[in-house]
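*Asks:* Here it is, the structure, as structure tokens.
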Amino acid sequence: MEPLQFLTGGQVRALQREFGTPVYVYDEATLENQAQQVLHFPNPFGLTARFAMKALPTGAILRLLHDLGLHIDASSGYEASRAMMAGIPPQHIQLTAQEMPGNLAELVGAGIQFNACSLAQLAAFGKLFPGASLGVRMNPGMGSGHNNRTNVGGPSSSFGIWRDYVPRVLETCIQHDLHVTRVHTHIGSGGDPKVWTKCANLSLEVAAQFPEVTTLNLGGGFKVARMPGEQSADLQEIGAAVSGLLSKHADTHGRCLRLEIEPGTFLVANAGALVARIMDVVDTGADGYAFIKIDAGMTDILRPALYGAQHPITLVPAAEEERAEAEYLAAGHCCESGDVLTPEPGNPEGLLPRRLLEARIGDLLVVGGAGAYCSAMCSKNYNSFPEPAEVLLKKDGGMQLIRKRQTLAQLLANEILP
């Protein structure tokens, strides 16, 4: 049975008593520890570390990470506005979006840094801000994600301007008197230093073609070990390799490029957990499976159903007691056959039972590694289930509500009946 990552059984029961279930909980101490690792990423000429807020955009988390020294990477105009509403200075927000915001002029006017992600975006920016400086997101031709849904570089990715189109970028810049001072690439979510080195090399080859570039942003996350036996990325090892390339680039081209990185998962994944209540225990006979049914599911954590992602799962009895163990599949509360939290690794169509304490109705199930792409990326309000509450576990052991549980009235607020 997987251990609890940062909670005790007593804290899990206290969360249920005070806030109900399902509820997300985030650990302040883990957030600080991960932030310090990112902020100490090796660099020869300066570093700006950004939090990819799409991983967990709750305002209290944005503020906490910003107070620790991280800037923000936004993936939409709405995210950029949301960050400002949370109190993040616009000068500390970078916007790199697939969909160009309708209020781009307002956002850039406020001080947000913009990266053009296509030739059309570049031309549109030039019409709004002739003579201005900006960044361009380039596709260097390779990525480092561990599957095709986390790899956002290479010929199969629509993200960024393809590397061979640098001349067209330069032509557009001349037309609008634009100055590219930042090259941004997004190479995925990997942990292999050799792959990061190759991707960084490709990115530097692109940057060398822009004479005014002062900053290289190596976007993309770093692999995080959610499950026992998995290996997290070594930021010091990756950073040392990238730093060597930046130093070599400076020797060759006479430009000392500032480095930017923008992890999301690495910062928050293992700082979060989802606490749910077991509402039923059923089975499909001697040759079938035993199922735990919980009051959460794909409405709260979609990653297992989406691509067979693995999360540690721990059963916490309603009262402290000794129990035997058994094997179970964990099923969510949605009327959807794919709402299963225990798929085979990498295969959402397969099933893989977990060994847990003997389950009883009223017990609690804790899904670990739920800080990244869970609250932020789920099948929100499917079957009309409201969004859960979110809680911050403070370093002193206190529990602070940072998002109220959604009500049915809020869920229906924008409907208009004829």
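Please note that chains go A, B, ... in the order of the structure tokens, that every chain numbers its residues from 1, and that ligands are numbered from 1 in the order shown.
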Can you pull out every residue from range 177-225 of chain A that DSSP, working from the backbone, puts in helix (DSSP H, G or I), and format the result as a short mmCIF file (atom, residue, chain, number, x, y, z; two decimals) with N, CA and C atoms, in the first residue's frame?

*Replies:*
data_model
loop_
_atom_site.label_atom_id
_atom_site.label_comp_id
_atom_site.auth_asym_id
_atom_site.auth_seq_id
_atom_site.Cartn_x
_atom_site.Cartn_y
_atom_site.Cartn_z
N PRO A 193 18.63 14.19 -18.91
CA PRO A 193 19.54 15.31 -19.19
C PRO A 193 20.06 15.32 -20.63
N LYS A 194 20.25 14.14 -21.22
CA LYS A 194 20.74 14.09 -22.59
C LYS A 194 19.73 14.67 -23.57
N VAL A 195 18.44 14.38 -23.33
CA VAL A 195 17.40 14.93 -24.20
C VAL A 195 17.28 16.43 -24.00
N TRP A 196 17.32 16.87 -22.73
CA TRP A 196 17.27 18.31 -22.46
C TRP A 196 18.46 19.01 -23.11
N THR A 197 19.62 18.40 -23.08
CA THR A 197 20.80 19.00 -23.69
C THR A 197 20.62 19.16 -25.19
N LYS A 198 20.10 18.13 -25.82
CA LYS A 198 19.89 18.21 -27.27
C LYS A 198 18.85 19.27 -27.62
N CYS A 199 17.75 19.31 -26.84
CA CYS A 199 16.71 20.32 -27.09
C CYS A 199 17.25 21.73 -26.85
N ALA A 200 18.05 21.89 -25.79
CA ALA A 200 18.62 23.20 -25.50
C ALA A 200 19.56 23.64 -26.61
N ASN A 201 20.32 22.71 -27.14
CA ASN A 201 21.21 23.01 -28.26
C ASN A 201 20.44 23.51 -29.47
N LEU A 202 19.34 22.82 -29.78
CA LEU A 202 18.50 23.23 -30.90
C LEU A 202 17.91 24.62 -30.66
N SER A 203 17.51 24.86 -29.41
CA SER A 203 16.93 26.17 -29.07
C SER A 203 17.97 27.27 -29.20
N LEU A 204 19.19 27.01 -28.80
CA LEU A 204 20.25 28.01 -28.92
C LEU A 204 20.60 28.27 -30.38
N GLU A 205 20.51 27.26 -31.22
CA GLU A 205 20.74 27.46 -32.65
C GLU A 205 19.70 28.42 -33.23
N VAL A 206 18.47 28.32 -32.74
CA VAL A 206 17.43 29.25 -33.17
C VAL A 206 17.72 30.64 -32.63
N ALA A 207 18.05 30.72 -31.34
CA ALA A 207 18.29 32.02 -30.71
C ALA A 207 19.43 32.78 -31.39
#

*Asks:* Would you list the contacts of Met100 in chain A as a PyMOL selection string, taking every protein, DNA or RNA residue within 8 Å and counting only C-alpha atoms, but skipping same-chain residues closer than 4 positions in sequence?

*Replies:* chain A and resi 76-77+104+121

*Asks:* I need the chosen residues saved as a PDB file, in the first residue's frame, with C-alpha atoms.

*Replies:*
ATOM      1  CA  SER A  76      -4.172  32.216 -21.962  1.00  0.00           C
ATOM      2  CA  GLY A  77      -5.301  35.783 -21.599  1.00  0.00           C
ATOM      3  CA  LEU A 104      -4.003  41.675 -25.714  1.00  0.00           C
ATOM      4  CA  GLN A 121       0.216  36.349 -33.770  1.00  0.00           C
TER       5      GLN A 121
END

*Asks:* Can you tell me which residues surround range 329-332 of chain A at a distance of at most 12 Å, considering only C-alpha atoms, apart from same-chain residues fewer than 5 positions away, and format the answer as a PyMOL selection string?

*Replies:* chain A and resi 22+276-284+288-302+304-305+311-315+337-344+350-356+359+364-367+382-383+385

*Asks:* Which residues come within 12 Å of Ala120 in chain A, counting only C-alpha atoms, excluding same-chain residues fewer than 3 positions away, as a PyMOL selection string?

*Replies:* chain A and resi 98-100+116-117+123-127+136+160-161+168-169+172-173

*Asks:* In Å, rounded to a single decimal, give me how far CA of Glu260 in chain A is from CA of Glu171 in chain A.

*Replies:*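 CA of Glu260 in chain A lies 26.0 Å from CA of Glu171 in chain A.
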
*Asks:* From a backbone DSSP assignment, name each residue in range 156-400 of chain A labelled strand (DSSP E), as a compact mmCIF listing (two decimals) with N, CA and C atoms, in the first residue's frame.

*Replies:*
# COMPACT_ATOMS: atom_id res chain seq x y z
N ILE A 161 6.42 28.55 -33.59
CA ILE A 161 6.74 28.76 -35.00
C ILE A 161 7.83 27.77 -35.39
N TRP A 162 7.61 27.04 -36.45
CA TRP A 162 8.56 26.01 -36.87
C TRP A 162 9.93 26.64 -37.13
N HIS A 179 11.24 44.04 -32.18
CA HIS A 179 12.53 43.62 -31.67
C HIS A 179 12.35 42.36 -30.83
N VAL A 180 12.86 41.24 -31.33
CA VAL A 180 12.77 39.98 -30.62
C VAL A 180 13.91 39.91 -29.61
N THR A 181 13.57 40.02 -28.34
CA THR A 181 14.57 39.99 -27.28
C THR A 181 14.52 38.70 -26.46
N ARG A 182 13.54 37.87 -26.77
CA ARG A 182 13.37 36.63 -26.00
C ARG A 182 12.94 35.51 -26.95
N VAL A 183 13.68 34.41 -26.93
CA VAL A 183 13.27 33.21 -27.67
C VAL A 183 12.76 32.20 -26.66
N HIS A 184 11.56 31.70 -26.92
CA HIS A 184 10.88 30.76 -26.02
C HIS A 184 10.69 29.45 -26.77
N THR A 185 11.07 28.37 -26.12
CA THR A 185 10.75 27.05 -26.66
C THR A 185 10.04 26.26 -25.57
N HIS A 186 9.32 25.26 -25.96
CA HIS A 186 8.58 24.44 -24.98
C HIS A 186 8.78 23.00 -25.39
N ILE A 187 9.61 22.30 -24.63
CA ILE A 187 10.07 21.00 -25.11
C ILE A 187 9.43 19.81 -24.41
N GLY A 188 8.49 20.07 -23.49
CA GLY A 188 7.75 18.95 -22.90
C GLY A 188 8.06 18.73 -21.44
N SER A 189 7.75 17.55 -20.97
CA SER A 189 7.88 17.22 -19.55
C SER A 189 8.74 15.98 -19.40
N GLY A 190 10.03 16.17 -19.40
CA GLY A 190 10.93 15.02 -19.35
C GLY A 190 11.94 15.13 -18.23
N THR A 215 17.39 36.78 -23.78
CA THR A 215 16.85 35.77 -22.88
C THR A 215 16.45 34.54 -23.66
N LEU A 216 16.79 33.37 -23.12
CA LEU A 216 16.33 32.09 -23.67
C LEU A 216 15.43 31.43 -22.64
N ASN A 217 14.20 31.17 -23.02
CA ASN A 217 13.25 30.49 -22.14
C ASN A 217 13.10 29.05 -22.59
N LEU A 218 13.60 28.14 -21.76
CA LEU A 218 13.45 26.71 -22.04
C LEU A 218 12.20 26.23 -21.30
N GLY A 219 11.06 26.46 -21.92
CA GLY A 219 9.80 26.06 -21.31
C GLY A 219 9.67 24.56 -21.26
N GLY A 220 8.72 24.10 -20.48
CA GLY A 220 8.50 22.67 -20.33
C GLY A 220 8.80 22.23 -18.93
N GLY A 221 8.17 21.17 -18.53
CA GLY A 221 8.30 20.71 -17.15
C GLY A 221 9.39 19.68 -16.97
N PHE A 222 9.59 19.32 -15.71
CA PHE A 222 10.57 18.31 -15.33
C PHE A 222 9.82 17.12 -14.73
N ARG A 258 20.31 35.34 -20.55
CA ARG A 258 19.62 35.02 -19.31
C ARG A 258 18.73 33.81 -19.56
N LEU A 259 18.66 32.93 -18.59
CA LEU A 259 17.87 31.70 -18.72
C LEU A 259 16.54 31.84 -17.99
N GLU A 260 15.49 31.35 -18.62
CA GLU A 260 14.19 31.22 -17.97
C GLU A 260 13.74 29.77 -18.05
N ILE A 261 13.14 29.28 -16.96
CA ILE A 261 12.49 27.97 -16.96
C ILE A 261 11.10 28.17 -16.39
N GLY A 272 0.19 18.16 -3.42
CA GLY A 272 -1.27 18.12 -3.39
C GLY A 272 -1.81 16.72 -3.26
N ALA A 273 -2.98 16.62 -2.63
CA ALA A 273 -3.69 15.33 -2.50
C ALA A 273 -5.19 15.59 -2.59
N LEU A 274 -5.90 14.59 -3.01
CA LEU A 274 -7.37 14.63 -3.04
C LEU A 274 -7.88 13.64 -2.02
N VAL A 275 -8.68 14.14 -1.09
CA VAL A 275 -9.27 13.30 -0.05
C VAL A 275 -10.74 13.06 -0.40
N ALA A 276 -11.12 11.78 -0.49
CA ALA A 276 -12.49 11.41 -0.85
C ALA A 276 -13.02 10.40 0.16
N ARG A 277 -14.33 10.27 0.20
CA ARG A 277 -14.98 9.31 1.10
C ARG A 277 -15.42 8.08 0.32
N ILE A 278 -15.22 6.91 0.92
CA ILE A 278 -15.71 5.67 0.30
C ILE A 278 -17.21 5.57 0.57
N MET A 279 -17.98 5.55 -0.51
CA MET A 279 -19.44 5.54 -0.35
C MET A 279 -20.04 4.18 -0.66
N ASP A 280 -19.22 3.27 -1.22
CA ASP A 280 -19.73 1.93 -1.49
C ASP A 280 -18.56 0.99 -1.77
N VAL A 281 -18.78 -0.29 -1.51
CA VAL A 281 -17.81 -1.34 -1.83
C VAL A 281 -18.59 -2.48 -2.48
N VAL A 282 -18.24 -2.79 -3.74
CA VAL A 282 -18.98 -3.81 -4.49
C VAL A 282 -17.99 -4.74 -5.16
N ASP A 283 -18.50 -5.86 -5.68
CA ASP A 283 -17.63 -6.77 -6.43
C ASP A 283 -18.40 -7.41 -7.56
N ALA A 290 -13.04 -6.51 -7.04
CA ALA A 290 -13.64 -5.77 -5.94
C ALA A 290 -13.43 -4.28 -6.22
N PHE A 291 -14.49 -3.48 -6.06
CA PHE A 291 -14.44 -2.06 -6.37
C PHE A 291 -14.69 -1.22 -5.12
N ILE A 292 -13.90 -0.18 -4.98
CA ILE A 292 -14.18 0.89 -4.04
C ILE A 292 -14.79 2.03 -4.84
N LYS A 293 -15.94 2.51 -4.40
CA LYS A 293 -16.56 3.66 -5.05
C LYS A 293 -16.43 4.87 -4.13
N ILE A 294 -15.92 5.98 -4.68
CA ILE A 294 -15.68 7.17 -3.87
C ILE A 294 -16.53 8.34 -4.35
N ILE A 313 -2.34 5.81 -3.98
CA ILE A 313 -3.66 5.75 -3.34
C ILE A 313 -3.52 5.09 -1.98
N THR A 314 -4.06 5.74 -0.96
CA THR A 314 -3.98 5.23 0.40
C THR A 314 -5.37 5.22 1.03
N LEU A 315 -5.72 4.12 1.66
CA LEU A 315 -6.99 4.05 2.38
C LEU A 315 -6.75 4.39 3.85
N VAL A 316 -7.55 5.33 4.35
CA VAL A 316 -7.46 5.73 5.75
C VAL A 316 -8.76 5.33 6.43
N GLU A 325 -5.34 -6.53 4.44
CA GLU A 325 -5.28 -5.87 3.14
C GLU A 325 -6.01 -6.70 2.10
N ALA A 326 -6.42 -6.02 1.02
CA ALA A 326 -7.06 -6.70 -0.10
C ALA A 326 -6.82 -5.88 -1.36
N GLU A 327 -7.13 -6.46 -2.51
CA GLU A 327 -6.93 -5.75 -3.77
C GLU A 327 -8.24 -5.16 -4.27
N TYR A 328 -8.15 -3.88 -4.73
CA TYR A 328 -9.34 -3.18 -5.18
C TYR A 328 -9.03 -2.36 -6.43
N LEU A 329 -10.09 -2.15 -7.21
CA LEU A 329 -10.10 -1.08 -8.20
C LEU A 329 -10.84 0.09 -7.58
N ALA A 330 -10.37 1.31 -7.85
CA ALA A 330 -11.03 2.51 -7.33
C ALA A 330 -11.83 3.15 -8.46
N ALA A 331 -13.14 3.28 -8.25
CA ALA A 331 -14.03 3.85 -9.26
C ALA A 331 -14.55 5.19 -8.78
N PRO A 343 -6.13 2.59 -13.45
CA PRO A 343 -5.89 1.94 -14.73
C PRO A 343 -4.50 1.33 -14.78
N GLU A 344 -4.26 0.56 -15.81
CA GLU A 344 -2.89 0.10 -16.06
C GLU A 344 -2.02 1.30 -16.41
N ASN A 347 -2.21 3.04 -19.88
CA ASN A 347 -3.28 2.41 -20.65
C ASN A 347 -4.63 2.65 -19.97
N PRO A 348 -5.35 3.71 -20.35
CA PRO A 348 -6.63 3.99 -19.70
C PRO A 348 -7.69 2.94 -19.95
N GLU A 349 -7.46 2.05 -20.94
CA GLU A 349 -8.43 0.99 -21.23
C GLU A 349 -8.25 -0.21 -20.31
N GLY A 350 -7.06 -0.35 -19.72
CA GLY A 350 -6.77 -1.49 -18.87
C GLY A 350 -7.06 -1.20 -17.40
N LEU A 351 -7.05 -2.24 -16.59
CA LEU A 351 -7.31 -2.12 -15.16
C LEU A 351 -6.18 -2.78 -14.38
N ARG A 354 -5.17 -2.24 -6.92
CA ARG A 354 -4.19 -1.80 -5.93
C ARG A 354 -4.42 -2.56 -4.62
N ARG A 355 -3.34 -2.81 -3.91
CA ARG A 355 -3.44 -3.46 -2.61
C ARG A 355 -3.62 -2.38 -1.54
N LEU A 356 -4.77 -2.42 -0.88
CA LEU A 356 -5.14 -1.42 0.11
C LEU A 356 -5.63 -2.11 1.38
N LEU A 357 -5.79 -1.32 2.45
CA LEU A 357 -6.45 -1.86 3.63
C LEU A 357 -7.87 -2.26 3.28
N LEU A 364 -11.88 6.72 4.23
CA LEU A 364 -11.39 7.79 3.36
C LEU A 364 -10.31 7.26 2.43
N LEU A 365 -10.30 7.77 1.22
CA LEU A 365 -9.30 7.40 0.23
C LEU A 365 -8.53 8.67 -0.13
N VAL A 366 -7.21 8.59 -0.05
CA VAL A 366 -6.36 9.73 -0.37
C VAL A 366 -5.63 9.44 -1.68
N VAL A 367 -5.83 10.30 -2.66
CA VAL A 367 -5.14 10.18 -3.95
C VAL A 367 -4.00 11.19 -3.93
N ALA A 389 -13.87 21.80 -2.49
CA ALA A 389 -13.13 22.83 -1.77
C ALA A 389 -11.64 22.57 -1.90
N GLU A 390 -10.83 23.60 -1.62
CA GLU A 390 -9.37 23.46 -1.60
C GLU A 390 -8.84 24.05 -0.30
N VAL A 391 -7.86 23.37 0.28
CA VAL A 391 -7.33 23.72 1.60
C VAL A 391 -5.81 23.75 1.53
N LEU A 392 -5.20 24.71 2.24
CA LEU A 392 -3.75 24.77 2.36
C LEU A 392 -3.36 24.29 3.75
N LEU A 393 -2.52 23.26 3.79
CA LEU A 393 -1.96 22.77 5.05
C LEU A 393 -0.73 23.60 5.38
N MET A 399 -4.94 24.46 9.06
CA MET A 399 -5.58 24.21 7.76
C MET A 399 -6.39 25.44 7.36
N GLN A 400 -6.06 25.99 6.19
CA GLN A 400 -6.67 27.23 5.73
C GLN A 400 -7.47 26.98 4.45

*Asks:* For each of A:Gly369, A:Thr48, A:Gly362, A:Leu246, take the minimum atom-to-atom distance to Ala225 in chain A, counting only C-alpha atoms, then give the residue where this is smallest.

*Replies:*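 Closest residue, counting only C-alpha atoms: A:Gly369.
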
*Asks:* So that I can see what lies close to range 57-74 of chain A, please list as JSON, numbers by chain the residues with an atom at most 7 Å from it, counting only C-alpha atoms and leaving out residues fewer than 6 positions away in the same chain.

*Replies:* {"A": [49, 50, 51, 80, 86, 88, 92, 93, 94, 95, 96, 262, 376, 402]}

*Asks:* Keeping only C-alpha atoms, write the selected residues as a short mmCIF file (atom, residue, chain, number, x, y, z; two decimals), in the first residue's frame.

*Replies:*
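What ended up in selection_21.cif:
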data_model
loop_
_atom_site.label_atom_id
_atom_site.label_comp_id
_atom_site.auth_asym_id
_atom_site.auth_seq_id
_atom_site.Cartn_x
_atom_site.Cartn_y
_atom_site.Cartn_z
CA ALA A 49 12.00 30.85 -12.71
CA ARG A 50 8.32 30.88 -13.58
CA PHE A 51 5.43 28.76 -12.37
CA ALA A 80 -2.93 36.30 -17.20
CA ALA A 86 -4.50 37.31 -7.44
CA ILE A 88 0.76 39.17 -9.17
CA HIS A 92 6.16 39.23 -13.49
CA ILE A 93 3.69 37.53 -15.86
CA GLN A 94 4.59 36.04 -19.22
CA LEU A 95 1.83 35.17 -21.70
CA THR A 96 2.39 32.35 -24.20
CA GLU A 262 8.81 27.46 -16.27
CA ALA A 376 -6.97 22.65 -12.95
CA ILE A 402 -8.38 28.72 0.00
#

*Asks:* Kindly indicate which residue among A:Ala35, A:Val108, A:Gln310, A:Val12 lies nearest to Pro228 in chain A, using only C-alpha atoms for the distances.

*Replies:*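 Smallest separation from Pro228 in chain A among the options: A:Gln310.
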
*Asks:* Taking into account only C-alpha atoms, which residue in the set A:Glu358, A:Asp363, A:Gly102, A:Ala372 is nearest to Arg303 in chain A?

*Replies:*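 Under the stated criterion, the closest residue is A:Ala372.
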
*Asks:* Do you have the CA of Gln406 in chain A-CA of Cys374 in chain A distance handy?

*Replies:*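 Computing it gives 16.1 Å between the two atoms.
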
*Asks:* May I ask which of the residues A:Ile112, A:Ala240, A:Met138, A:Ala309 is the closest one to Ser157 in chain A, counting only C-alpha atoms?

*Replies:*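 Looking only at the distances to Ser157 in chain A, the closest residue turns out to be A:Met138.
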
*Asks:* Quick one: residues within 9 Å of Ala233 in chain A, only C-alpha atoms counted, chain neighbours fewer than 2 positions away excluded, as a PyMOL selection string?

*Replies:* chain A and resi 190-193+222-225+231+235-238+266

*Asks:* Please, could you write that set of residues out with C-alpha atoms as a CSV table (one decimal), in the first residue's frame?

*Replies:*
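Okay, part-v7.csv is ready:
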chain,number,residue,atom,x,y,z
A,190,GLY,CA,10.9,15.0,-19.3
A,191,GLY,CA,13.8,14.1,-17.1
A,192,ASP,CA,16.6,12.9,-19.3
A,193,PRO,CA,19.5,15.3,-19.2
A,222,PHE,CA,10.6,18.3,-15.3
A,223,LYS,CA,9.6,14.7,-14.6
A,224,VAL,CA,8.2,14.2,-11.1
A,225,ALA,CA,8.0,10.8,-9.4
A,231,GLN,CA,12.6,8.7,-10.7
A,235,LEU,CA,17.5,19.7,-11.8
A,236,GLN,CA,21.1,20.1,-10.8
A,237,GLU,CA,22.2,17.6,-13.4
A,238,ILE,CA,20.0,19.1,-16.1
A,266,PHE,CA,7.6,19.8,-10.5

*Asks:* For the atom pair CA of Asp234 in chain A and CA of Leu257 in chain A, what is the interatomic distance in Å to one decimal place?

*Replies:*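 Value for the CA of Asp234 in chain A-CA of Leu257 in chain A distance: 22.4 Å.
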